[in-house]
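To be precise, the following lines are upload_7.pdb, and they hold PDB, C-alpha atoms and all ligand atoms.
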ATOM      1  CA  MET I  16       8.416  -9.561 -23.123
ATOM      2  CA  ASN I  17       6.078  -6.619 -23.569
ATOM      3  CA  SER I  18       7.020  -3.288 -25.147
ATOM      4  CA  GLY I  19      10.413  -4.711 -26.177
ATOM      5  CA  LYS I  20      11.757  -3.740 -22.770
ATOM      6  CA  ALA I  21      14.456  -6.017 -21.418
ATOM      7  CA  ALA I  22      13.243  -7.929 -18.374
ATOM      8  CA  PRO I  23      14.767  -6.548 -15.179
ATOM      9  CA  GLU I  24      17.962  -8.255 -14.106
ATOM     10  CA  GLY I  25      17.142 -11.092 -11.744
ATOM     11  CA  LEU I  26      13.720 -11.877 -13.200
ATOM     12  CA  GLU I  27      14.618 -15.494 -13.942
ATOM     13  CA  LEU I  28      15.671 -16.126 -10.362
ATOM     14  CA  ALA I  29      12.521 -14.366  -9.167
ATOM     15  CA  VAL I  30      10.423 -16.721 -11.300
ATOM     16  CA  GLU I  31      12.219 -19.710  -9.779
ATOM     17  CA  LEU I  32      11.695 -18.406  -6.254
ATOM     18  CA  LEU I  33       8.003 -17.807  -6.849
ATOM     19  CA  ARG I  34       7.445 -21.141  -8.581
ATOM     20  CA  SER I  35       9.092 -23.066  -5.749
ATOM     21  CA  SER I  36       7.463 -21.101  -2.924
ATOM     22  CA  TYR I  37       4.922 -22.843  -0.666
ATOM     23  CA  LEU I  38       3.717 -19.642   1.061
ATOM     24  CA  PRO I  39       4.435 -16.452  -0.865
ATOM     25  CA  VAL I  40       3.182 -13.160   0.571
ATOM     26  CA  VAL I  41       3.035  -9.746  -1.103
ATOM     27  CA  SER I  42       3.620  -6.455   0.711
ATOM     28  CA  THR I  43       2.852  -3.201  -1.111
ATOM     29  CA  GLY I  44       3.421   0.502  -0.476
ATOM     30  CA  ALA I  45       2.537   3.744  -2.204
ATOM     31  CA  GLY I  46       4.767   2.937  -5.175
ATOM     32  CA  MET I  47       2.300   0.186  -6.106
ATOM     33  CA  SER I  48      -0.358   2.846  -6.764
ATOM     34  CA  ARG I  49       1.937   5.329  -8.519
ATOM     35  CA  GLU I  50       1.157   4.178 -12.077
ATOM     36  CA  SER I  51      -2.544   4.462 -11.351
ATOM     37  CA  GLY I  52      -2.019   8.158 -10.646
ATOM     38  CA  VAL I  53      -1.679   8.194  -6.840
ATOM     39  CA  ARG I  54       1.228  10.280  -5.582
ATOM     40  CA  THR I  55       3.679   8.669  -3.211
ATOM     41  CA  PHE I  56       4.326  10.112   0.239
ATOM     42  CA  ARG I  57       8.044  10.773   0.019
ATOM     43  CA  GLY I  58      10.425  12.209  -2.455
ATOM     44  CA  GLU I  59       9.698  15.458  -4.315
ATOM     45  CA  GLU I  60       6.000  14.625  -4.802
ATOM     46  CA  GLY I  61       5.497  13.838  -1.125
ATOM     47  CA  TYR I  62       4.237  17.363  -0.473
ATOM     48  CA  TRP I  63       0.735  18.748  -0.837
ATOM     49  CA  ARG I  64       0.681  22.506  -1.125
ATOM     50  CA  GLU I  65       3.520  23.263   1.312
ATOM     51  CA  HIS I  66       2.659  20.482   3.777
ATOM     52  CA  ARG I  67       4.292  17.104   4.343
ATOM     53  CA  ALA I  68       1.996  14.083   4.325
ATOM     54  CA  GLU I  69       3.159  13.242   7.831
ATOM     55  CA  ASP I  70       1.827  16.579   9.133
ATOM     56  CA  LEU I  71      -1.526  16.220   7.395
ATOM     57  CA  ALA I  72      -2.144  12.550   8.193
ATOM     58  CA  SER I  73      -1.910  13.060  11.962
ATOM     59  CA  LEU I  74      -4.315  13.477  14.886
ATOM     60  CA  GLU I  75      -2.539  16.724  15.779
ATOM     61  CA  GLY I  76      -2.921  17.968  12.202
ATOM     62  CA  ILE I  77      -6.658  17.219  12.020
ATOM     63  CA  ARG I  78      -7.268  18.887  15.394
ATOM     64  CA  LYS I  79      -5.173  21.931  14.494
ATOM     65  CA  ASP I  80      -6.595  22.561  11.030
ATOM     66  CA  PRO I  81      -9.427  20.119  10.215
ATOM     67  CA  VAL I  82     -10.428  21.985   7.051
ATOM     68  CA  LEU I  83      -6.906  21.800   5.571
ATOM     69  CA  VAL I  84      -6.591  18.081   6.383
ATOM     70  CA  TRP I  85     -10.043  17.303   5.000
ATOM     71  CA  GLU I  86      -9.275  19.257   1.828
ATOM     72  CA  TRP I  87      -6.242  16.968   1.393
ATOM     73  CA  TYR I  88      -8.354  13.862   1.927
ATOM     74  CA  ARG I  89     -11.112  15.185  -0.389
ATOM     75  CA  GLU I  90      -8.486  15.538  -3.106
ATOM     76  CA  ARG I  91      -7.094  12.060  -2.376
ATOM     77  CA  LEU I  92     -10.562  10.503  -2.248
ATOM     78  CA  GLY I  93     -11.555  12.246  -5.458
ATOM     79  CA  ALA I  94      -8.481  10.822  -7.109
ATOM     80  CA  CYS I  95      -9.213   7.351  -5.691
ATOM     81  CA  GLU I  96     -12.751   7.227  -7.053
ATOM     82  CA  GLU I  97     -11.496   7.661 -10.619
ATOM     83  CA  LEU I  98      -8.456   5.436 -10.244
ATOM     84  CA  ILE I  99      -8.008   2.436 -12.535
ATOM     85  CA  PRO I 100      -5.764  -0.380 -11.281
ATOM     86  CA  HIS I 101      -2.755  -0.629 -13.616
ATOM     87  CA  LYS I 102      -1.314  -3.827 -15.151
ATOM     88  CA  GLY I 103       0.668  -4.582 -12.020
ATOM     89  CA  TYR I 104      -2.550  -5.172 -10.071
ATOM     90  CA  GLU I 105      -3.882  -7.431 -12.810
ATOM     91  CA  ALA I 106      -0.605  -9.367 -12.589
ATOM     92  CA  LEU I 107      -1.066  -9.830  -8.819
ATOM     93  CA  TYR I 108      -4.641 -10.961  -9.451
ATOM     94  CA  ARG I 109      -3.437 -13.530 -12.015
ATOM     95  CA  LEU I 110      -0.696 -14.771  -9.682
ATOM     96  CA  GLN I 111      -3.264 -15.111  -6.878
ATOM     97  CA  GLU I 112      -5.612 -17.057  -9.170
ATOM     98  CA  HIS I 113      -2.723 -19.204 -10.348
ATOM     99  CA  SER I 114      -1.289 -20.046  -6.933
ATOM    100  CA  GLY I 115      -4.633 -20.242  -5.137
ATOM    101  CA  ARG I 116      -3.165 -18.440  -2.144
ATOM    102  CA  LEU I 117      -1.312 -15.120  -2.187
ATOM    103  CA  PRO I 118      -2.132 -12.842   0.771
ATOM    104  CA  VAL I 119      -1.453  -9.167   0.056
ATOM    105  CA  VAL I 120      -0.453  -6.899   2.936
ATOM    106  CA  THR I 121      -0.719  -3.235   1.982
ATOM    107  CA  GLN I 122       0.111   0.124   3.520
ATOM    108  CA  ASN I 123      -2.125   1.775   0.939
ATOM    109  CA  VAL I 124      -5.595   3.080   1.715
ATOM    110  CA  ASP I 125      -6.854   3.615  -1.839
ATOM    111  CA  GLY I 126      -8.651   0.283  -2.269
ATOM    112  CA  LEU I 127      -6.983  -0.357  -5.648
ATOM    113  CA  HIS I 128      -6.065  -3.972  -4.874
ATOM    114  CA  GLN I 129      -9.712  -4.799  -4.178
ATOM    115  CA  LYS I 130     -10.816  -2.831  -7.251
ATOM    116  CA  ALA I 131      -8.593  -5.159  -9.316
ATOM    117  CA  GLY I 132     -10.370  -8.213  -7.856
ATOM    118  CA  ILE I 133      -7.459  -9.156  -5.600
ATOM    119  CA  ARG I 134      -8.682 -11.046  -2.520
ATOM    120  CA  ASP I 135      -7.227 -11.518   0.953
ATOM    121  CA  VAL I 136      -5.959  -7.915   1.197
ATOM    122  CA  ILE I 137      -4.716  -6.943   4.646
ATOM    123  CA  GLU I 138      -4.963  -3.137   5.046
ATOM    124  CA  LEU I 139      -2.339  -2.223   7.638
ATOM    125  CA  HIS I 140      -3.082   1.515   7.492
ATOM    126  CA  GLY I 141      -6.872   1.370   7.194
ATOM    127  CA  SER I 142      -8.735   2.669   4.171
ATOM    128  CA  LEU I 143     -10.428   5.744   2.718
ATOM    129  CA  ARG I 144     -13.731   3.856   2.491
ATOM    130  CA  THR I 145     -15.191   5.254   5.750
ATOM    131  CA  ALA I 146     -14.826   8.030   8.332
ATOM    132  CA  SER I 147     -15.596   7.927  12.071
ATOM    133  CA  CYS I 148     -16.244  10.330  14.939
ATOM    134  CA  LEU I 149     -13.021  11.985  16.137
ATOM    135  CA  ALA I 150     -14.491  12.205  19.642
ATOM    136  CA  GLY I 151     -15.354   8.478  19.567
ATOM    137  CA  CYS I 152     -19.050   8.987  20.341
ATOM    138  CA  GLY I 153     -19.859   5.478  19.111
ATOM    139  CA  ALA I 154     -21.834   6.500  15.995
ATOM    140  CA  PRO I 155     -21.287   4.000  13.148
ATOM    141  CA  PRO I 156     -18.646   4.864  10.495
ATOM    142  CA  VAL I 157     -19.938   6.818   7.488
ATOM    143  CA  ARG I 158     -19.035   6.109   3.863
ATOM    144  CA  MET I 159     -16.399   8.435   2.443
ATOM    145  CA  GLU I 160     -17.957   9.967  -0.657
ATOM    146  CA  GLN I 161     -17.963  13.390  -2.228
ATOM    147  CA  GLY I 162     -21.303  14.337  -0.566
ATOM    148  CA  LEU I 163     -19.578  14.167   2.796
ATOM    149  CA  PHE I 164     -17.643  17.307   1.900
ATOM    150  CA  GLU I 165     -20.640  19.623   1.399
ATOM    151  CA  ASN I 166     -19.814  21.133   4.767
ATOM    152  CA  MET I 167     -16.175  21.355   5.730
ATOM    153  CA  PRO I 168     -14.960  19.836   7.934
ATOM    154  CA  PRO I 169     -17.354  16.856   7.757
ATOM    155  CA  ARG I 170     -19.070  16.326  11.080
ATOM    156  CA  CYS I 171     -20.455  13.362  12.999
ATOM    157  CA  VAL I 172     -24.144  13.224  13.997
ATOM    158  CA  CYS I 173     -22.954  14.214  17.477
ATOM    159  CA  GLY I 174     -21.457  17.458  16.080
ATOM    160  CA  SER I 175     -17.821  16.444  16.511
ATOM    161  CA  ILE I 176     -15.432  16.427  13.570
ATOM    162  CA  LEU I 177     -15.148  13.203  11.561
ATOM    163  CA  ARG I 178     -11.771  11.582  10.871
ATOM    164  CA  PRO I 179     -10.948   9.270   7.954
ATOM    165  CA  ASP I 180     -10.594   5.598   8.998
ATOM    166  CA  VAL I 181      -6.955   5.546   8.008
ATOM    167  CA  VAL I 182      -4.176   5.090  10.557
ATOM    168  CA  LEU I 183      -2.972   8.598  11.382
ATOM    169  CA  PHE I 184       0.604   9.244  12.455
ATOM    170  CA  GLY I 185       0.888   8.558  16.152
ATOM    171  CA  GLU I 186      -1.898   5.943  16.114
ATOM    172  CA  ASP I 187      -1.673   2.175  16.530
ATOM    173  CA  LEU I 188      -2.319  -0.044  13.547
ATOM    174  CA  PRO I 189      -5.524  -2.134  13.453
ATOM    175  CA  GLU I 190      -4.717  -5.016  15.796
ATOM    176  CA  GLN I 191      -6.063  -7.944  13.757
ATOM    177  CA  ALA I 192      -4.461  -6.739  10.522
ATOM    178  CA  LEU I 193      -1.087  -6.254  12.215
ATOM    179  CA  LYS I 194      -1.255  -9.622  13.964
ATOM    180  CA  ARG I 195      -2.001 -11.439  10.701
ATOM    181  CA  ALA I 196       0.704  -9.524   8.803
ATOM    182  CA  LEU I 197       3.312 -10.361  11.446
ATOM    183  CA  ARG I 198       2.252 -14.017  11.431
ATOM    184  CA  LEU I 199       2.520 -14.181   7.632
ATOM    185  CA  ALA I 200       5.928 -12.491   7.699
ATOM    186  CA  GLY I 201       7.219 -15.098  10.153
ATOM    187  CA  ARG I 202       5.770 -18.063   8.243
ATOM    188  CA  CYS I 203       6.194 -17.182   4.584
ATOM    189  CA  ASP I 204       9.097 -18.560   2.580
ATOM    190  CA  LEU I 205       8.942 -15.678   0.088
ATOM    191  CA  MET I 206       7.849 -12.034   0.413
ATOM    192  CA  ILE I 207       7.408  -9.865  -2.666
ATOM    193  CA  VAL I 208       7.834  -6.229  -1.536
ATOM    194  CA  VAL I 209       6.572  -3.634  -4.009
ATOM    195  CA  GLY I 210       6.933   0.149  -3.906
ATOM    196  CA  THR I 211       7.740   1.032  -0.324
ATOM    197  CA  SER I 212      10.547   3.255   0.960
ATOM    198  CA  MET I 213      10.945   1.038   4.030
ATOM    199  CA  VAL I 214      10.900   3.969   6.462
ATOM    200  CA  VAL I 215       7.548   3.583   8.239
ATOM    201  CA  TYR I 216       7.281   0.905  10.915
ATOM    202  CA  PRO I 217       5.889  -1.589  11.742
ATOM    203  CA  ALA I 218       5.138  -2.178   8.017
ATOM    204  CA  ALA I 219       8.837  -1.842   7.199
ATOM    205  CA  ALA I 220       9.644  -4.581   9.725
ATOM    206  CA  LEU I 221       7.702  -7.240   7.786
ATOM    207  CA  PRO I 222      10.365  -8.026   5.158
ATOM    208  CA  MET I 223      13.046  -7.990   7.882
ATOM    209  CA  ILE I 224      11.059 -10.555   9.897
ATOM    210  CA  ALA I 225      10.680 -12.659   6.759
ATOM    211  CA  LEU I 226      14.429 -12.560   6.075
ATOM    212  CA  ARG I 227      15.220 -13.369   9.694
ATOM    213  CA  SER I 228      12.865 -16.359   9.476
ATOM    214  CA  GLY I 229      14.833 -17.690   6.513
ATOM    215  CA  ALA I 230      12.505 -16.485   3.764
ATOM    216  CA  ARG I 231      13.707 -14.861   0.537
ATOM    217  CA  VAL I 232      12.550 -11.387  -0.428
ATOM    218  CA  ILE I 233      11.943 -10.082  -3.938
ATOM    219  CA  GLU I 234      11.904  -6.280  -3.881
ATOM    220  CA  ILE I 235      10.408  -4.323  -6.783
ATOM    221  CA  ASN I 236      11.219  -0.613  -6.693
ATOM    222  CA  THR I 237      12.441   2.140  -8.968
ATOM    223  CA  VAL I 238      15.229   2.973  -6.492
ATOM    224  CA  GLU I 239      17.141   0.998  -3.863
ATOM    225  CA  THR I 240      15.954   1.059  -0.252
ATOM    226  CA  PRO I 241      17.458  -0.195   3.060
ATOM    227  CA  LEU I 242      16.046  -3.628   2.105
ATOM    228  CA  SER I 243      17.687  -3.864  -1.316
ATOM    229  CA  SER I 244      21.202  -4.856  -0.297
ATOM    230  CA  LEU I 245      20.321  -7.225   2.556
ATOM    231  CA  GLU I 246      21.348 -10.882   2.358
ATOM    232  CA  GLY I 247      18.365 -12.801   0.968
ATOM    233  CA  THR I 248      16.852  -9.897  -0.955
ATOM    234  CA  LEU I 249      16.595 -10.068  -4.743
ATOM    235  CA  PHE I 250      16.220  -6.468  -5.961
ATOM    236  CA  LEU I 251      14.352  -6.013  -9.242
ATOM    237  CA  ARG I 252      14.757  -2.431 -10.430
ATOM    238  CA  GLY I 253      11.657  -1.192 -12.220
ATOM    239  CA  THR I 254       8.096  -0.083 -11.744
ATOM    240  CA  ALA I 255       5.283  -2.177 -10.334
ATOM    241  CA  GLY I 256       3.376  -1.762 -13.579
ATOM    242  CA  SER I 257       6.229  -3.158 -15.659
ATOM    243  CA  VAL I 258       7.926  -5.788 -13.474
ATOM    244  CA  LEU I 259       4.875  -7.534 -11.994
ATOM    245  CA  PRO I 260       3.351  -8.362 -15.411
ATOM    246  CA  GLU I 261       6.724  -9.766 -16.569
ATOM    247  CA  LEU I 262       6.946 -11.863 -13.404
ATOM    248  CA  ALA I 263       3.373 -13.136 -13.643
ATOM    249  CA  LYS I 264       3.709 -13.983 -17.339
ATOM    250  CA  ALA I 265       6.944 -15.901 -16.799
ATOM    251  CA  VAL I 266       5.635 -17.797 -13.733
ATOM    252  CA  ILE I 267       2.317 -18.765 -15.300
ATOM    253  CA  ARG I 268       3.884 -19.652 -18.662
ATOM    254  CA  SER I 269       6.475 -21.900 -17.003
ATOM    255  CA  CYS I 270       3.885 -24.093 -15.268
TER
HETATM  256  N1  LIG M 301       6.832   1.252  -8.926
HETATM  257  C1  LIG M 301       7.475   0.762  -7.829
HETATM  258  N2  LIG M 301       7.953   1.556  -6.831
HETATM  259  C2  LIG M 301       7.765   2.889  -6.969
HETATM  260  C3  LIG M 301       7.110   3.472  -8.078
HETATM  261  C4  LIG M 301       6.640   2.588  -9.085
HETATM  262  N3  LIG M 301       6.017   3.046 -10.175
HETATM  263  N4  LIG M 301       7.086   4.828  -7.904
HETATM  264  C5  LIG M 301       7.687   5.074  -6.725
HETATM  265  N5  LIG M 301       8.107   3.920  -6.174
HETATM  266  C6  LIG M 301       8.766   3.716  -4.873
HETATM  267  C7  LIG M 301       9.628   4.852  -4.394
HETATM  268  O1  LIG M 301      10.965   4.676  -4.860
HETATM  269  C8  LIG M 301       9.563   4.666  -2.874
HETATM  270  O2  LIG M 301      10.566   3.775  -2.429
HETATM  271  O3  LIG M 301       7.720   3.618  -3.927
HETATM  272  C9  LIG M 301       8.193   4.034  -2.657
HETATM  273  C10 LIG M 301       7.164   4.990  -2.053
HETATM  274  O4  LIG M 301       7.632   5.341  -0.774
HETATM  275  P1  LIG M 301       6.693   6.226   0.193
HETATM  276  O5  LIG M 301       6.148   7.385  -0.556
HETATM  277  O6  LIG M 301       7.489   6.452   1.448
HETATM  278  O7  LIG M 301       5.453   5.279   0.490
HETATM  279  P2  LIG M 301       5.354   4.117   1.555
HETATM  280  O8  LIG M 301       6.652   3.407   1.730
HETATM  281  O9  LIG M 301       4.190   3.290   1.199
HETATM  282  O10 LIG M 301       5.016   4.959   2.882
HETATM  283  C11 LIG M 301       4.676   4.249   4.001
HETATM  284  O11 LIG M 301       4.026   6.276   5.142
HETATM  285  O12 LIG M 301       2.982   8.328   5.034
HETATM  286  C12 LIG M 301       2.853   7.029   5.494
HETATM  287  O13 LIG M 301       0.873   5.854   5.889
HETATM  288  C13 LIG M 301       1.672   6.369   4.875
HETATM  289  O14 LIG M 301       1.447   4.115   4.093
HETATM  290  C14 LIG M 301       2.301   5.237   4.061
HETATM  291  C15 LIG M 301       3.604   4.988   4.770
END
Rewrite the coordinates I just gave you, this time as structure tokens.
Ligand code: APR
Amino acid sequence: MNSGKAAPEGLELAVELLRSSYLPVVSTGAGMSRESGVRTFRGEEGYWREHRAEDLASLEGIRKDPVLVWEWYRERLGACEELIPHKGYEALYRLQEHSGRLPVVTQNVDGLHQKAGIRDVIELHGSLRTASCLAGCGAPPVRMEQGLFENMPPRCVCGSILRPDVVLFGEDLPEQALKRALRLAGRCDLMIVVGTSMVVYPAAALPMIALRSGARVIEINTVETPLSSLEGTLFLRGTAGSVLPELAKAVIRSC
């Protein structure tokens, strides 16, 4: 056990569940990125200046004050470029290598899973990698990099404002990603849910679908959520960066 910390209660059962699973799936939220320095959306740090994330990450918000919204994304993108995936990502990578198949559904747009070498990442809420024309003129997406922000707000070749290729509040999720995530939720026999407050749908429905289909759920979070006390959920209290490495080490060692 690293750093002399006691393993979270329930770790042994979690190891058993993961070792005996034929189709485990991982689902991550903003809490997965927290120990790499990315703020979560809710709770006391869920504000940026005096704005809620929900108001900034919306079509209405970007139309009303494009400069403010793009300043928020510039700050988030800037943070993302320097981000280093923490030990929890490395643990997911090792579990994926070990099991050969471990799809990862994420609500996060920071690209940290891919940066850690994790494959088969299903981005439910898009990503900060590109931006597209808000007016939908058909111009190809442009890479999101600091140069884009020389003129604020960044504009498309057609002159319209650009919007980041993340799912904004009020928008539908990317169809293929959602279809695959729903299919995995219905077919998996184990879902490991890391760092989500379980308040934004349809992402929050995935573990519920898994439970209803007879799967077990392992939830890793620093606080309890609406998922924690449901029949079939094993709640492991702790951070992604501390619990996932313990889980990976115990699973891989026991094989
Ligand atoms: N390890 C594990 N969990 C953590 C950690 C950590 N180090 N730090 C915080 N958490 C937990 C919090 O307790 C909370 O339950 O992560 C969760 C983060 O919740 P939110 O900020 O609501 O993030 P998320 O659930 O991913 O939000 C869903 O809302 O704003 C939209 O599109 C955005 O994808 C986002 C969606």
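Here the question is which of I:Pro169, I:Gly162, I:Gly256, I:Gly201 gets nearest to ligand LIG 301 (chain M) using only C-alpha atoms and all ligand atoms, and that residue is I:Gly256.
Nearest to ligand LIG 301 (chain M) of all the residues I:Asn236, I:Ser114, I:Thr43, I:Gln129 is I:Asn236, counting all atoms listed in the file.
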Provide the atom CA of Asp180 of chain I to atom CA of Val215 of chain I distance in Å, to one decimal place. 18.3 Å
Spatial neighbours of Leu226 of chain I, 9 Å, only C-alpha atoms, chain gap at least 6 places, as a PyMOL selection string: chain I and resi 200-201+204-206+232+245-248
Give me, as JSON lines, each residue of chain I that comes within 8 Å of ligand LIG 301 (chain M), together with its shortest interatomic pair and the distance in Å at one decimal, counting only C-alpha atoms and all ligand atoms, with rows ordered by chain and rising residue number.
{"residue": "I:Thr43", "atom": "CA", "partner": "M:LIG301", "partner_atom": "O9", "distance": 7.0}
{"residue": "I:Gly44", "atom": "CA", "partner": "M:LIG301", "partner_atom": "O9", "distance": 3.3}
{"residue": "I:Ala45", "atom": "CA", "partner": "M:LIG301", "partner_atom": "O9", "distance": 3.8}
{"residue": "I:Gly46", "atom": "CA", "partner": "M:LIG301", "partner_atom": "O3", "distance": 3.3}
{"residue": "I:Met47", "atom": "CA", "partner": "M:LIG301", "partner_atom": "N1", "distance": 5.4}
{"residue": "I:Ser48", "atom": "CA", "partner": "M:LIG301", "partner_atom": "N3", "distance": 7.2}
{"residue": "I:Arg49", "atom": "CA", "partner": "M:LIG301", "partner_atom": "N3", "distance": 5.0}
{"residue": "I:Glu50", "atom": "CA", "partner": "M:LIG301", "partner_atom": "N3", "distance": 5.3}
{"residue": "I:Arg54", "atom": "CA", "partner": "M:LIG301", "partner_atom": "O5", "distance": 7.6}
{"residue": "I:Thr55", "atom": "CA", "partner": "M:LIG301", "partner_atom": "O5", "distance": 3.8}
{"residue": "I:Phe56", "atom": "CA", "partner": "M:LIG301", "partner_atom": "O5", "distance": 3.4}
{"residue": "I:Arg57", "atom": "CA", "partner": "M:LIG301", "partner_atom": "O5", "distance": 3.9}
{"residue": "I:Gly58", "atom": "CA", "partner": "M:LIG301", "partner_atom": "O5", "distance": 6.7}
{"residue": "I:Gly61", "atom": "CA", "partner": "M:LIG301", "partner_atom": "O5", "distance": 6.5}
{"residue": "I:Ala68", "atom": "CA", "partner": "M:LIG301", "partner_atom": "O12", "distance": 5.9}
{"residue": "I:Glu69", "atom": "CA", "partner": "M:LIG301", "partner_atom": "O12", "distance": 5.7}
{"residue": "I:Ala72", "atom": "CA", "partner": "M:LIG301", "partner_atom": "O12", "distance": 7.4}
{"residue": "I:Thr121", "atom": "CA", "partner": "M:LIG301", "partner_atom": "O14", "distance": 7.9}
{"residue": "I:Gln122", "atom": "CA", "partner": "M:LIG301", "partner_atom": "O14", "distance": 4.2}
{"residue": "I:Asn123", "atom": "CA", "partner": "M:LIG301", "partner_atom": "O14", "distance": 5.3}
{"residue": "I:Val124", "atom": "CA", "partner": "M:LIG301", "partner_atom": "O14", "distance": 7.5}
{"residue": "I:His140", "atom": "CA", "partner": "M:LIG301", "partner_atom": "O13", "distance": 6.1}
{"residue": "I:Val182", "atom": "CA", "partner": "M:LIG301", "partner_atom": "O13", "distance": 6.9}
{"residue": "I:Leu183", "atom": "CA", "partner": "M:LIG301", "partner_atom": "O13", "distance": 7.2}
{"residue": "I:Phe184", "atom": "CA", "partner": "M:LIG301", "partner_atom": "O13", "distance": 7.4}
{"residue": "I:Val209", "atom": "CA", "partner": "M:LIG301", "partner_atom": "C1", "distance": 5.9}
{"residue": "I:Gly210", "atom": "CA", "partner": "M:LIG301", "partner_atom": "N2", "distance": 3.4}
{"residue": "I:Thr211", "atom": "CA", "partner": "M:LIG301", "partner_atom": "O8", "distance": 3.3}
{"residue": "I:Ser212", "atom": "CA", "partner": "M:LIG301", "partner_atom": "O2", "distance": 3.4}
{"residue": "I:Met213", "atom": "CA", "partner": "M:LIG301", "partner_atom": "O8", "distance": 5.4}
{"residue": "I:Val214", "atom": "CA", "partner": "M:LIG301", "partner_atom": "O8", "distance": 6.4}
{"residue": "I:Val215", "atom": "CA", "partner": "M:LIG301", "partner_atom": "C11", "distance": 5.2}
{"residue": "I:Ala218", "atom": "CA", "partner": "M:LIG301", "partner_atom": "C11", "distance": 7.6}
{"residue": "I:Ala219", "atom": "CA", "partner": "M:LIG301", "partner_atom": "O8", "distance": 7.9}
{"residue": "I:Ile235", "atom": "CA", "partner": "M:LIG301", "partner_atom": "C1", "distance": 6.0}
{"residue": "I:Asn236", "atom": "CA", "partner": "M:LIG301", "partner_atom": "N2", "distance": 3.9}
{"residue": "I:Thr237", "atom": "CA", "partner": "M:LIG301", "partner_atom": "N2", "distance": 5.0}
{"residue": "I:Val238", "atom": "CA", "partner": "M:LIG301", "partner_atom": "O1", "distance": 4.9}
{"residue": "I:Glu239", "atom": "CA", "partner": "M:LIG301", "partner_atom": "O1", "distance": 7.3}
{"residue": "I:Thr240", "atom": "CA", "partner": "M:LIG301", "partner_atom": "O2", "distance": 6.4}
{"residue": "I:Gly253", "atom": "CA", "partner": "M:LIG301", "partner_atom": "N1", "distance": 6.3}
{"residue": "I:Thr254", "atom": "CA", "partner": "M:LIG301", "partner_atom": "N1", "distance": 3.4}
{"residue": "I:Ala255", "atom": "CA", "partner": "M:LIG301", "partner_atom": "N1", "distance": 4.0}
{"residue": "I:Gly256", "atom": "CA", "partner": "M:LIG301", "partner_atom": "N3", "distance": 6.5}
I need the residues from that last selection saved to file as a CSV table (one decimal), in the frame of the given file (with C-alpha atoms), if you can.
chain,number,residue,atom,x,y,z
I,43,THR,CA,2.9,-3.2,-1.1
I,44,GLY,CA,3.4,0.5,-0.5
I,45,ALA,CA,2.5,3.7,-2.2
I,46,GLY,CA,4.8,2.9,-5.2
I,47,MET,CA,2.3,0.2,-6.1
I,48,SER,CA,-0.4,2.8,-6.8
I,49,ARG,CA,1.9,5.3,-8.5
I,50,GLU,CA,1.2,4.2,-12.1
I,54,ARG,CA,1.2,10.3,-5.6
I,55,THR,CA,3.7,8.7,-3.2
I,56,PHE,CA,4.3,10.1,0.2
I,57,ARG,CA,8.0,10.8,0.0
I,58,GLY,CA,10.4,12.2,-2.5
I,61,GLY,CA,5.5,13.8,-1.1
I,68,ALA,CA,2.0,14.1,4.3
I,69,GLU,CA,3.2,13.2,7.8
I,72,ALA,CA,-2.1,12.6,8.2
I,121,THR,CA,-0.7,-3.2,2.0
I,122,GLN,CA,0.1,0.1,3.5
I,123,ASN,CA,-2.1,1.8,0.9
I,124,VAL,CA,-5.6,3.1,1.7
I,140,HIS,CA,-3.1,1.5,7.5
I,182,VAL,CA,-4.2,5.1,10.6
I,183,LEU,CA,-3.0,8.6,11.4
I,184,PHE,CA,0.6,9.2,12.5
I,209,VAL,CA,6.6,-3.6,-4.0
I,210,GLY,CA,6.9,0.1,-3.9
I,211,THR,CA,7.7,1.0,-0.3
I,212,SER,CA,10.5,3.3,1.0
I,213,MET,CA,10.9,1.0,4.0
I,214,VAL,CA,10.9,4.0,6.5
I,215,VAL,CA,7.5,3.6,8.2
I,218,ALA,CA,5.1,-2.2,8.0
I,219,ALA,CA,8.8,-1.8,7.2
I,235,ILE,CA,10.4,-4.3,-6.8
I,236,ASN,CA,11.2,-0.6,-6.7
I,237,THR,CA,12.4,2.1,-9.0
I,238,VAL,CA,15.2,3.0,-6.5
I,239,GLU,CA,17.1,1.0,-3.9
I,240,THR,CA,16.0,1.1,-0.3
I,253,GLY,CA,11.7,-1.2,-12.2
I,254,THR,CA,8.1,-0.1,-11.7
I,255,ALA,CA,5.3,-2.2,-10.3
I,256,GLY,CA,3.4,-1.8,-13.6
Restricting the calculation to only C-alpha atoms: of I:Arg78, I:His113, I:Glu138, I:Ser257, which residue gets closest to Ser269 of chain I? I:His113
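The closest residue to Trp87 of chain I, picked from I:Met167, I:Leu127, I:Leu110, I:Leu251 and counting all atoms listed in the file, is I:Met167.
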If we count only C-alpha atoms, what is near Tyr216 of chain I at a cut-off of 12 Å, once residues fewer than 6 positions away on the same chain are taken out, given as number ranges by chain? I: 122, 139-140, 184-188, 193, 197, 222-223
